[in-house]
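**Q** Submitted below is the structure of interest, expressed as structure tokens.
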Amino acid sequence: MAVLQQYYTSYVNPVTGTIGFQVKATSPGIIPAMETTIEKLIAYAIPPSLDVWAIETHPVALRYFYESPERSYLLCSQSCGPDNNGRPGNFFAHTLVLPPDMFTVIPPISFWQSPFWRREDTETRVDPASLPVLSSFDEEPSLDLEGVWDFLAREGRRELLYKLLCGVIYSKKTYRRVVILDTPEHIVWWIAAVSTLLPPDYRPLLTFATYHQDPKQGRYLITGTTEDSSFGANPMDLRSFFVLNARTGVTSDVDDSAYARLAAQAATPELYEKQLLPVLADYIHRFPSPTAIDEQLNLVALYADLHAPRTGASLDVGELEAIHKALTSFEQAEQCTAQDIMELEYLQQVLSQSPNAQSSSMIARERERIDGLLNKYRQQAARASDISVRSYREPERPANGPSNGEISRPTGLDEPWRQQAQAAQTLQASQATWMNEETQRLAETQRAAEEARRRAQEAEAQRLAEAQRQVEAQRLAEAQRQAEAQRAIEEARSRAQSLEQALRQFVENIIQHDGISMRGHFEQLQHNYPEEDLRNAINQPAYLQWLIEALKPASSWQLRHVWETTGTYIVPGKHSRNVLIFILQAVGQLWSQQRTTEGKELLQFIWQVMQGQETAWLQLAADSYNDLPQGIVELFYYSLVHDLDLEQRVPYRSILLPISRMLLAYEITSDISSMNAQQGLASVQGWINHARQQGYDTKPLIAQGLTQLQRSSAPDEWRKLAPDILKDALFSPLPAMLEEQLVELTFSSFSLSQFVLEDVPFYQRYRNHPALAPENSQIINDILALLQGQIDEERALRIKDEMESLSPEEYQRFLAWCMPHCFEHSISSEKHRSLITALFSWQGGRATCFWQVYWDTFKEMLVEPQQTQRFVDMLAFWFAATPASLAQHPYIVQDFFLWLPEELRKISEDRRFQSGIQAVNKLIEKKRWSSTLQGLLVEKKSLVTTVLTKGLSAISSVGASFWAGRRKNEERQPDEKEIAREERRQQQFAAKVEGLFTGKGRGYSKRLQGLYRESESEFWPYYWRQVQITLTTLNAEEALALFSYWFEDAFEKFEKLDDSDYLPQQFFMNLLAVLREIRLEGGRDFQETVRRIDERATRELEKYRWYLLIQDSLIERKA
Amino acid sequence: MVITCPFCFRQFSPQELRYRCSNTYCPEPLPDELYAMARGYAPMPMGRVLVPGRRLFGQPDGVACDTCGQVSHRRICPYCHQELSEDIGHVDQRIIAIIGGRATGKTHYIASLVNRLKNEVAQNFNVQADMMNEETKVRWENDFYTPLFVRKVVLQPTRPAGIDSTVRAPLMFRFTFSDGARLRAINISFFDSAGEDMTSVDTMSVQNRYICYADGIIFLLDPLQIPTVRQQLSTSANVPPADYKASPEAIVGNLRRLFERQQGLPATQKVKVPVAFTLSKIDTLLPILDASSALQRPANHPGWLDLDDVRSVNTEISSFLSEWINPSFMIGVRNGFACYNFFGVSSLGEQPDTNNRLSVVSPLRVEDPFLWLLYKLSLIKGRKGG
């Protein structure tokens, strides 16, 4: 029994220069796992209300922690004054690592204030591993447990003890650890009392700390703390822990425990001897060895209670469970004693006498078990083994019943018991007589058979003697060969033994000299022995078993070193299974201690050594799956395959897949966890494709892969991936929650700028998804409606608002794909209007962009002859449109007509559209507005020329054109009268037109219409002449009033007058060309008038907003 | 909206929040292993973890326990199950890491800083500082306020997180700023660490993960660990033993490597988190400083950060450090960190007597680095020529 030690405190390490809390000294053999455990047990802080400098008042913390049947920790942490910086709060922890079995007799609390514990270490240690390993821990107990009785006798503590014991017994079931608030000394006695009253096998399981500053951190079943600690401040603490506050007498609520009742009642020196000890002596062995302090103790108490006088009450569930469990121990026993049989018979009686014996199936079942056990024992006796008969007879009892205190029987049951015993003895006697007769008969038969066999053997010997002589020579030769072979075998065996010895020595050297390479030694072995011998020796099961034991305390470096040398010879197979389990457990331990880098290195070494036999080792790991900690086999597998393509992994994966349900999940998450977001997405895609090929269930893989991808991506990266994941059909169907989250992420910052045509199906899929914000859902539905030509005014207005939030570039990009798509289908005027409402904008240069895309869209239509109708529909829409009908965008109609001639000119000049234009001309022939376009949709004729023909040039040649027409019709020269009349008429007409400019007044539009109808061909030349005059009068107000009429009022006025002449449209179609002509003609007065117009209009831009539409045509800007 | 847990730093949406049944008498408390693991406790029964019904947006105000029916408003992190403030997700959260070698005065600095923030600075900036949870209140009282300001004794060393998991939890404060009509709240978590946990990148990456998630770092440098200073002060100050493993160069190097390891920061990029490199214990330096030194006088930040003062302290301290420490230290800082400034503070105002007791605690300039971080995080304003 090696006992290891460790000192921990804050000090200056003279060798490394490290200052602060650290291990001061340790015994060789304290492995890292132990150090980690010790670290979690030793923390000490001075209670907040104490003077930090008064060390003698600081509580000493004796702590005990049970880890396994082989290992426990007993330590003493105590305050030790200032650290090297003079700060208070240094502590010294002296820890022992020792097997717990010694505490069955002497509970660990007995070492409270033992002089053994060090509170300082003044020695300067160059090597920290300088503490001795103790061969045993044979310190004398320093706490006299007899003091427990005095302690309990005072201040009503026995009642509290009962509660405390209940808390201890139910701690495992309720996960509630026990916290005692009392003085440090009293806490020691409470722990001592519980220890004393527990059965011996349970005592090493009682972990405790006599003091801990933070009981929540403590890992002990019982933790003592001071009242000034932070513990208990929260009412939930009373539920989360079993709290015993000895000062107030308050405890947490706890269920009743039969054992606690029994033990608390017996908590005096006399009753302890009389009541508790006999129960423990007689019945505790009927129950399995404890692995924890739990309700099994209640079963012990109940079972003991069954043997006390009963009042005829029915057996309850607890008692039946106690019987059930005790019977199991009978069933598992290889031999029985008379005491066992009597106890069984007694239990049978208890069961049958229970008032609920007939109705309870549980009782029936237990009675059957007892019947079976009794039959078995009786048959054993009947098979006449003297030993068993003796053992059945052995406990000679006086006629008046049981004695010696071995089993204390209730007197009320004495008589039935005696009758049973007599009946059993009678049965036994008759069986013994029958046995004697049978034995005699058998002996005679055996003697006769023996004689016959002897004679046959003699005859056979004679017959064979001759033949034997003949082969004697051969046999001698053969024997000689065999002897030689035997010698060779002996030599080989001897060599194998010395090899095994050398191998053991080699491993022991590594273990004893951590960090020192023994490779040279192994190379020597390789030199001295053939490879086959090494392989045979290393693969001997006994050697491998020894190796495992030897490597238990090894560090990861040592494991690696042993593995890279001897490991290369280990052949995978049943015999090496435990080695594999051991090494993988070591990896698992490194992992659990968060020493993953070491773990990975070790795994890497393992696989290097296993190279060439990967499949066999992996198969062996698979066979050991249930013997290894969860996840280790997967880790082992993954460390082999992580660099391989998914396809290359298949043969290895197929080994584990049938047994590991988590393999694929582990593999995909491990793959992704080491990648960036984009790589991760590609990896998940690769995985799903691979899974489909391999026939794996892709649904969980999608969920696991994407969940891991989310974990390993930064939030921004994940947000960027979200739409890609949603669009990728590979991931369909996505888990609902994930899909919801992705939709929310994708659309949370959704704007029109992200809308692209290719994604229309995607938007259609998610347009009404519940995770979408209502406003996002609405705008997506609006856009989709727009694209399908199903837009209405309400949607149009919403889209208009969205459009205005786009940057110019985004606006242009959006229009460029959206507009052609919208006009792919024939749309009604109403939809056309809504579309204009939605997409048009006057904001900074966007109108230009809009018209460019708009006209490009229609130009492209003319390439396809069958689409020309749409072009005509478009023109018809505009001729039918009024500013009021497109009120969202003031002056858009005027703007359209201002630029219509220019756009038509461009179209006319493009050779590709010649046939289209002809078709258009044909289609518009019958339209009422077609005459206004006369000459515009012609081939290769300058619009300017056209306008001049209809406009200014005509002003000077009005008469000529008139007469030309007359000449053509009448084929005769006009006479002077006619000429004079015509000139007079023209002057009158010109005066009427001029009259339009001298006074506006009521009925202005009607007069204008009347004059136009009076002479359609002459009206515009005279009108434009007057416009030109107006622009040279230096009267800006008059000119602005003229334009204001056309821009602001004309459409409305003429609409009321049933304008079949489209006069406003004609005005705007010609206006820009006319202005350019006038500007070319120029003149000082014109320039001054225009300057004044510009000055006034720009100053009062709110009033003359339309001015910007003609400004560039009116004035010549300086570069 | 994304929430970052101030304990485990995992990020999640408000819909993922969990709640803990707060009814002490709920019949079925269960052991909460996630919480226990995060706190370094053994599992113990606690209020049940409640999962709110499916929601698309936002977080419910409360969730009814499926066992006792009582509505709970106690929000917990879905990953570590530690309790979050009720306004999580609604109030801005920041993490400030106080780091430095052993005995550089981190715990004293936190104590003095918080005390100043609750008093003088609170007045100047019209800010109210409240402790956000019971654990912070108890720790503040037991480990900081009472020993230092009531009993006037130097504080105990912080125990390494490996042996005492208490230090893994931050001290959490709510600062409420008022600019007359408008209130603005911010939750700030302070993380303290043992100097022992700063001596290797391995330990830092296990025990001090918070550093890489911090919004600002106050990096304390102990002038008494700088050999040049030790020589000059050897007669006038109570010079502690030299701790070469905790030298400023070593810990700055570790900090830089921590970001490289945990955040994958390329070697060619600088750490972007603002770092206030702060010389502690400047009261010990006063004898060797010029009388006109900015460090000789207290700072004045009357509702905004005095940027002129910050600049002059920065110039002064950086020139001291260039002179005192190996030049590679300043090169390391310049090359490794994108946003940094030098400060000087004294948490106690005087050195403790030979019995390690204090006559008075009069901190000097302790708020400077903190206010600079707030300024860098756009939480307060700064002015020149103030």
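Labels for the structure tokens follow display order: chains A, B, ..., residues from 1 in each chain, ligands from 1.
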Identify every residue of chain B that has at least one atom within 7 Å of any atom of chain A, counting only C-alpha atoms, and report the result as a ChimeraX atom specification.

**A** /B:24,31,40-42,44-46,56,138,142,154-157,162-164,196,240,243-245,356

**Q** Contacts of His561 of chain A at 10 Å or less, counting only C-alpha atoms, minus same-chain residues fewer than 6 places along, as a PyMOL selection string?

**A** chain A and resi 507+510-511+514-519+555+567+602+605

**Q** Would you work out the distance separating atom CA of Phe277 of chain B from atom CA of Thr166 of chain B, expressed in Å to one decimal?

**A**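 Between atom CA of Phe277 of chain B and atom CA of Thr166 of chain B the gap works out to 26.0 Å.
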
**Q** Can you tell me which residues surround Arg1105 of chain A at a distance of at most 12 Å, considering only C-alpha atoms, apart from same-chain residues fewer than 5 positions away, and format the answer as JSON, numbers by chain?

**A** {"A": [842, 890, 891, 892, 1040, 1043, 1044, 1047, 1048, 1094, 1096, 1097, 1098, 1099, 1100, 1110, 1111]}

**Q** Do you know which residues are at most 12 Å from segment 12-15 of chain B counting only C-alpha atoms, after dropping those on the same chain fewer than 4 positions away, and could you put them as a PyMOL selection string?

**A** (chain A and resi 710-711+714-715+718+737+740-742+744-745+771) or (chain B and resi 1-6+8+19+51-61+75-80+84+86-90)

**Q** Would you write out those residues with C-alpha atoms, as a PDB file, in the first residue's frame?

**A**
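What follows is the written file part.pdb:
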ATOM      1  CA  GLN A 710     -23.062  27.734 -37.165  1.00  0.00           C
ATOM      2  CA  ARG A 711     -21.007  27.093 -34.033  1.00  0.00           C
ATOM      3  CA  ALA A 714     -18.648  34.059 -36.561  1.00  0.00           C
ATOM      4  CA  PRO A 715     -22.157  35.554 -36.442  1.00  0.00           C
ATOM      5  CA  TRP A 718     -23.133  32.694 -40.511  1.00  0.00           C
ATOM      6  CA  MET A 737     -35.963  25.351 -36.385  1.00  0.00           C
ATOM      7  CA  GLU A 740     -36.610  29.334 -39.420  1.00  0.00           C
ATOM      8  CA  GLN A 741     -33.435  30.811 -38.014  1.00  0.00           C
ATOM      9  CA  LEU A 742     -31.816  31.003 -41.437  1.00  0.00           C
ATOM     10  CA  GLU A 744     -34.863  35.172 -40.132  1.00  0.00           C
ATOM     11  CA  LEU A 745     -31.159  35.872 -40.603  1.00  0.00           C
ATOM     12  CA  ALA A 771     -40.001  33.739 -39.583  1.00  0.00           C
TER      13      ALA A 771
ATOM     14  CA  MET B   1     -30.093  40.646 -32.485  1.00  0.00           C
ATOM     15  CA  VAL B   2     -27.398  38.485 -31.031  1.00  0.00           C
ATOM     16  CA  ILE B   3     -26.775  38.060 -27.269  1.00  0.00           C
ATOM     17  CA  THR B   4     -23.335  37.211 -25.913  1.00  0.00           C
ATOM     18  CA  CYS B   5     -23.299  35.407 -22.578  1.00  0.00           C
ATOM     19  CA  PRO B   6     -21.054  37.356 -20.189  1.00  0.00           C
ATOM     20  CA  CYS B   8     -19.293  31.619 -21.343  1.00  0.00           C
ATOM     21  CA  TYR B  19     -35.440  30.488 -18.015  1.00  0.00           C
ATOM     22  CA  VAL B  51     -37.706  26.341 -22.453  1.00  0.00           C
ATOM     23  CA  PRO B  52     -40.009  29.058 -23.756  1.00  0.00           C
ATOM     24  CA  GLY B  53     -42.521  28.216 -26.451  1.00  0.00           C
ATOM     25  CA  ARG B  54     -41.524  28.678 -30.040  1.00  0.00           C
ATOM     26  CA  ARG B  55     -41.230  32.327 -30.953  1.00  0.00           C
ATOM     27  CA  LEU B  56     -40.056  33.956 -34.094  1.00  0.00           C
ATOM     28  CA  PHE B  57     -38.936  37.224 -32.647  1.00  0.00           C
ATOM     29  CA  GLY B  58     -37.850  38.681 -29.333  1.00  0.00           C
ATOM     30  CA  GLN B  59     -37.930  37.040 -25.951  1.00  0.00           C
ATOM     31  CA  PRO B  60     -40.897  36.341 -23.690  1.00  0.00           C
ATOM     32  CA  ASP B  61     -41.117  38.331 -20.499  1.00  0.00           C
ATOM     33  CA  ARG B  75     -33.209  34.333 -17.833  1.00  0.00           C
ATOM     34  CA  ILE B  76     -30.309  31.930 -18.231  1.00  0.00           C
ATOM     35  CA  CYS B  77     -27.783  31.262 -20.941  1.00  0.00           C
ATOM     36  CA  PRO B  78     -28.797  28.263 -23.085  1.00  0.00           C
ATOM     37  CA  TYR B  79     -25.221  27.008 -23.056  1.00  0.00           C
ATOM     38  CA  CYS B  80     -23.913  27.438 -19.510  1.00  0.00           C
ATOM     39  CA  LEU B  84     -28.402  36.634 -17.087  1.00  0.00           C
ATOM     40  CA  GLU B  86     -33.469  40.619 -17.073  1.00  0.00           C
ATOM     41  CA  ASP B  87     -32.545  43.264 -19.594  1.00  0.00           C
ATOM     42  CA  ILE B  88     -30.147  41.023 -21.472  1.00  0.00           C
ATOM     43  CA  GLY B  89     -30.437  41.777 -25.140  1.00  0.00           C
ATOM     44  CA  HIS B  90     -31.913  45.184 -24.430  1.00  0.00           C
TER      45      HIS B  90
END

**Q** Just give me the gap between atom CA of Ser329 of chain A and atom CA of Glu366 of chain A in Å, one decimal is fine.

**A**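 Straight-line distance from atom CA of Ser329 of chain A to atom CA of Glu366 of chain A works out to 13.2 Å.
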
**Q** Can you tell me, as a ChimeraX atom specification, which residues in segment 12-87 of chain B count as strand (DSSP E) by DSSP?

**A** /B:12,18-20,30-31,45-46,49-50,63-64,71-72,75-76

**Q** To one decimal in Å, tell me the separation between atom CA of Ala880 of chain A and atom CA of Ala838 of chain A.

**A**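 Going from atom CA of Ala880 of chain A over to atom CA of Ala838 of chain A, I get 18.9 Å.
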
**Q** In terms of the shortest atom-to-atom distance over only C-alpha atoms, which of A:Ala54, A:Val1090, A:Leu815, A:Ile791 is closest to Ile827 of chain A?

**A**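 Among A:Ala54, A:Val1090, A:Leu815, A:Ile791, it is A:Ile791 that comes nearest to Ile827 of chain A.
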
**Q** What are the nearest atom pairs, with distances in Å to one decimal, for all residues of segment 166-249 of chain B that come at most 10 Å from segment 256-268 of chain B, using only C-alpha atoms, set out by chain and rising residue number as CSV?

**A**
residue,atom,partner,partner_atom,distance
B:Ser200,CA,B:Leu258,CA,9.4
B:Val201,CA,B:Leu258,CA,5.9
B:Asp202,CA,B:Leu258,CA,8.4
B:Thr203,CA,B:Leu258,CA,9.9
B:Met204,CA,B:Leu258,CA,7.2
B:Ser205,CA,B:Leu258,CA,6.5
B:Asn208,CA,B:Leu258,CA,9.6
B:Arg209,CA,B:Gln262,CA,8.4
B:Ile211,CA,B:Leu258,CA,8.5
B:Cys212,CA,B:Phe259,CA,6.2
B:Tyr213,CA,B:Gln263,CA,9.3

**Q** Based on the selection just made, write N, CA and C atoms of those residues as a PDB file, in the first residue's frame.

**A**
ATOM      1  N   SER B 200       1.489  31.486 -18.562  1.00  0.00           N
ATOM      2  CA  SER B 200       1.656  30.706 -19.787  1.00  0.00           C
ATOM      3  C   SER B 200       0.411  30.842 -20.637  1.00  0.00           C
ATOM      4  N   VAL B 201       0.641  30.761 -21.948  1.00  0.00           N
ATOM      5  CA  VAL B 201      -0.496  30.898 -22.872  1.00  0.00           C
ATOM      6  C   VAL B 201      -1.471  29.756 -22.655  1.00  0.00           C
ATOM      7  N   ASP B 202      -0.947  28.574 -22.319  1.00  0.00           N
ATOM      8  CA  ASP B 202      -1.826  27.422 -22.098  1.00  0.00           C
ATOM      9  C   ASP B 202      -2.800  27.713 -20.975  1.00  0.00           C
ATOM     10  N   THR B 203      -2.269  28.190 -19.856  1.00  0.00           N
ATOM     11  CA  THR B 203      -3.152  28.472 -18.731  1.00  0.00           C
ATOM     12  C   THR B 203      -4.112  29.601 -19.081  1.00  0.00           C
ATOM     13  N   MET B 204      -3.588  30.606 -19.753  1.00  0.00           N
ATOM     14  CA  MET B 204      -4.460  31.733 -20.100  1.00  0.00           C
ATOM     15  C   MET B 204      -5.602  31.269 -20.982  1.00  0.00           C
ATOM     16  N   SER B 205      -5.293  30.365 -21.918  1.00  0.00           N
ATOM     17  CA  SER B 205      -6.362  29.984 -22.844  1.00  0.00           C
ATOM     18  C   SER B 205      -7.394  29.089 -22.175  1.00  0.00           C
ATOM     19  N   ASN B 208      -8.419  31.902 -18.646  1.00  0.00           N
ATOM     20  CA  ASN B 208      -8.725  33.318 -18.895  1.00  0.00           C
ATOM     21  C   ASN B 208      -9.256  33.546 -20.295  1.00  0.00           C
ATOM     22  N   ARG B 209     -10.199  32.691 -20.686  1.00  0.00           N
ATOM     23  CA  ARG B 209     -10.764  32.803 -22.033  1.00  0.00           C
ATOM     24  C   ARG B 209     -11.378  34.179 -22.261  1.00  0.00           C
ATOM     25  N   ILE B 211     -10.397  36.987 -21.896  1.00  0.00           N
ATOM     26  CA  ILE B 211      -9.548  38.062 -22.417  1.00  0.00           C
ATOM     27  C   ILE B 211      -9.843  38.301 -23.893  1.00  0.00           C
ATOM     28  N   CYS B 212      -9.987  37.209 -24.631  1.00  0.00           N
ATOM     29  CA  CYS B 212     -10.199  37.360 -26.068  1.00  0.00           C
ATOM     30  C   CYS B 212     -11.602  37.873 -26.385  1.00  0.00           C
ATOM     31  N   TYR B 213     -12.483  37.827 -25.422  1.00  0.00           N
ATOM     32  CA  TYR B 213     -13.842  38.321 -25.670  1.00  0.00           C
ATOM     33  C   TYR B 213     -14.030  39.716 -25.080  1.00  0.00           C
TER      34      TYR B 213
END

**Q** Might you pull out every residue within 8 Å of Ile99 of chain B, with only C-alpha atoms counted and same-chain residues fewer than 2 positions away left off, and present them as an mmCIF file with N, CA and C atoms, in the first residue's frame?

**A**
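The new file out03.cif reads:
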data_model
loop_
_atom_site.group_PDB
_atom_site.id
_atom_site.type_symbol
_atom_site.label_atom_id
_atom_site.label_comp_id
_atom_site.auth_asym_id
_atom_site.auth_seq_id
_atom_site.Cartn_x
_atom_site.Cartn_y
_atom_site.Cartn_z
ATOM 1 N N ALA B 97 -11.401 43.365 -19.122
ATOM 2 C CA ALA B 97 -10.475 42.418 -18.502
ATOM 3 C C ALA B 97 -9.361 43.197 -17.808
ATOM 4 N N GLY B 101 0.741 40.636 -14.343
ATOM 5 C CA GLY B 101 1.488 39.597 -13.648
ATOM 6 C C GLY B 101 1.075 39.491 -12.187
ATOM 7 N N LYS B 106 -3.885 43.855 -9.329
ATOM 8 C CA LYS B 106 -5.141 43.783 -10.084
ATOM 9 C C LYS B 106 -6.352 43.889 -9.167
ATOM 10 N N ASP B 192 -11.332 39.455 -12.933
ATOM 11 C CA ASP B 192 -10.067 39.498 -12.205
ATOM 12 C C ASP B 192 -9.396 38.133 -12.415
ATOM 13 N N SER B 193 -8.099 38.065 -12.278
ATOM 14 C CA SER B 193 -7.405 36.784 -12.442
ATOM 15 C C SER B 193 -6.242 36.713 -11.492
ATOM 16 N N GLY B 195 -2.377 36.170 -10.891
ATOM 17 C CA GLY B 195 -1.179 36.358 -11.696
ATOM 18 C C GLY B 195 -0.593 35.022 -12.127
ATOM 19 N N MET B 198 -1.420 33.837 -15.517
ATOM 20 C CA MET B 198 -1.000 34.669 -16.648
ATOM 21 C C MET B 198 0.374 34.268 -17.160
ATOM 22 N N ILE B 217 -9.153 46.073 -22.459
ATOM 23 C CA ILE B 217 -8.247 45.389 -21.531
ATOM 24 C C ILE B 217 -7.460 46.441 -20.753
ATOM 25 N N ILE B 218 -7.440 46.280 -19.439
ATOM 26 C CA ILE B 218 -6.549 47.111 -18.624
ATOM 27 C C ILE B 218 -5.389 46.213 -18.213
ATOM 28 N N PHE B 219 -4.227 46.530 -18.708
ATOM 29 C CA PHE B 219 -3.060 45.676 -18.529
ATOM 30 C C PHE B 219 -2.157 46.348 -17.498
ATOM 31 N N LEU B 220 -2.121 45.787 -16.297
ATOM 32 C CA LEU B 220 -1.354 46.421 -15.237
ATOM 33 C C LEU B 220 0.114 45.980 -15.277
#

**Q** Do a neighbour search on Phe342 of chain B at 9 Å with only C-alpha atoms, toss out local chain neighbours closer than 6 positions, and write the hits as a PyMOL selection string.

**A** chain B and resi 275-279+310-311+313-318+369

**Q** Just to be explicit: take each residue in the selection above, keep N, CA, C and O atoms, and write the result as a compact mmCIF listing (two decimals), in the first residue's frame.

**A**
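This is the output file again14.txt:
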# COMPACT_ATOMS: atom_id res chain seq x y z
N VAL B 275 -6.32 48.51 -25.54
CA VAL B 275 -5.58 48.05 -24.37
C VAL B 275 -5.00 49.26 -23.64
O VAL B 275 -4.30 50.07 -24.24
N ALA B 276 -5.33 49.37 -22.36
CA ALA B 276 -4.77 50.45 -21.54
C ALA B 276 -3.59 49.86 -20.77
O ALA B 276 -3.77 49.13 -19.79
N PHE B 277 -2.38 50.10 -21.24
CA PHE B 277 -1.19 49.63 -20.53
C PHE B 277 -0.99 50.57 -19.33
O PHE B 277 -0.75 51.78 -19.54
N THR B 278 -1.12 50.03 -18.15
CA THR B 278 -1.22 50.88 -16.97
C THR B 278 -0.15 50.54 -15.95
O THR B 278 -0.09 49.41 -15.45
N LEU B 279 0.65 51.53 -15.66
CA LEU B 279 1.68 51.36 -14.65
C LEU B 279 1.01 51.52 -13.28
O LEU B 279 0.43 52.56 -12.99
N VAL B 310 -4.86 62.85 -20.97
CA VAL B 310 -4.57 61.47 -21.38
C VAL B 310 -3.32 61.44 -22.25
O VAL B 310 -2.44 60.58 -22.08
N ARG B 311 -3.22 62.42 -23.16
CA ARG B 311 -2.07 62.42 -24.06
C ARG B 311 -0.77 62.68 -23.29
O ARG B 311 0.25 62.03 -23.52
N VAL B 313 -0.11 62.07 -20.14
CA VAL B 313 0.26 60.90 -19.34
C VAL B 313 0.84 59.83 -20.25
O VAL B 313 1.86 59.19 -19.95
N ASN B 314 0.21 59.65 -21.39
CA ASN B 314 0.67 58.63 -22.35
C ASN B 314 2.12 58.91 -22.76
O ASN B 314 2.97 58.02 -22.75
N THR B 315 2.39 60.17 -23.09
CA THR B 315 3.75 60.52 -23.52
C THR B 315 4.74 60.25 -22.40
O THR B 315 5.80 59.66 -22.60
N GLU B 316 4.36 60.68 -21.21
CA GLU B 316 5.27 60.55 -20.08
C GLU B 316 5.57 59.07 -19.78
O GLU B 316 6.72 58.66 -19.69
N ILE B 317 4.50 58.27 -19.66
CA ILE B 317 4.70 56.87 -19.28
C ILE B 317 5.44 56.12 -20.39
O ILE B 317 6.35 55.33 -20.12
N SER B 318 5.08 56.39 -21.66
CA SER B 318 5.75 55.63 -22.71
C SER B 318 7.23 55.99 -22.75
O SER B 318 8.07 55.12 -23.04
N PRO B 369 -7.66 54.86 -16.99
CA PRO B 369 -7.70 53.83 -18.03
C PRO B 369 -9.12 53.38 -18.35
O PRO B 369 -9.46 53.16 -19.51

**Q** Find the spatial neighbours of Leu730 of chain A, counting only C-alpha atoms, within a cut-off of 8 Å - ignore same-chain residues fewer than 2 positions away - and output them as a list in words.

**A**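 With the cut-off at 8 Å, the set is Gln685, Ile688, Asn689, Asp728 and Ser732 of chain A.
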
**Q** Pull N, CA, C and O atoms from the residues just selected and write them as a PDB file, in the first residue's frame.

**A**
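Result written to part10.pdb:
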ATOM      1  N   GLN A 685     -21.668  20.407 -47.799  1.00  0.00           N
ATOM      2  CA  GLN A 685     -22.220  20.015 -49.096  1.00  0.00           C
ATOM      3  C   GLN A 685     -21.592  18.701 -49.557  1.00  0.00           C
ATOM      4  O   GLN A 685     -22.283  17.787 -50.017  1.00  0.00           O
ATOM      5  N   ILE A 688     -23.077  15.834 -47.659  1.00  0.00           N
ATOM      6  CA  ILE A 688     -24.444  15.412 -48.006  1.00  0.00           C
ATOM      7  C   ILE A 688     -24.412  14.617 -49.310  1.00  0.00           C
ATOM      8  O   ILE A 688     -25.060  13.577 -49.447  1.00  0.00           O
ATOM      9  N   ASN A 689     -23.610  15.093 -50.272  1.00  0.00           N
ATOM     10  CA  ASN A 689     -23.477  14.336 -51.525  1.00  0.00           C
ATOM     11  C   ASN A 689     -22.945  12.938 -51.243  1.00  0.00           C
ATOM     12  O   ASN A 689     -23.448  11.939 -51.768  1.00  0.00           O
ATOM     13  N   ASP A 728     -29.714  26.272 -51.408  1.00  0.00           N
ATOM     14  CA  ASP A 728     -29.105  25.028 -51.862  1.00  0.00           C
ATOM     15  C   ASP A 728     -30.082  23.860 -51.694  1.00  0.00           C
ATOM     16  O   ASP A 728     -30.421  23.474 -50.580  1.00  0.00           O
ATOM     17  N   SER A 732     -32.239  20.404 -48.634  1.00  0.00           N
ATOM     18  CA  SER A 732     -33.689  20.325 -48.462  1.00  0.00           C
ATOM     19  C   SER A 732     -34.094  18.896 -48.083  1.00  0.00           C
ATOM     20  O   SER A 732     -33.597  17.937 -48.678  1.00  0.00           O
TER      21      SER A 732
END
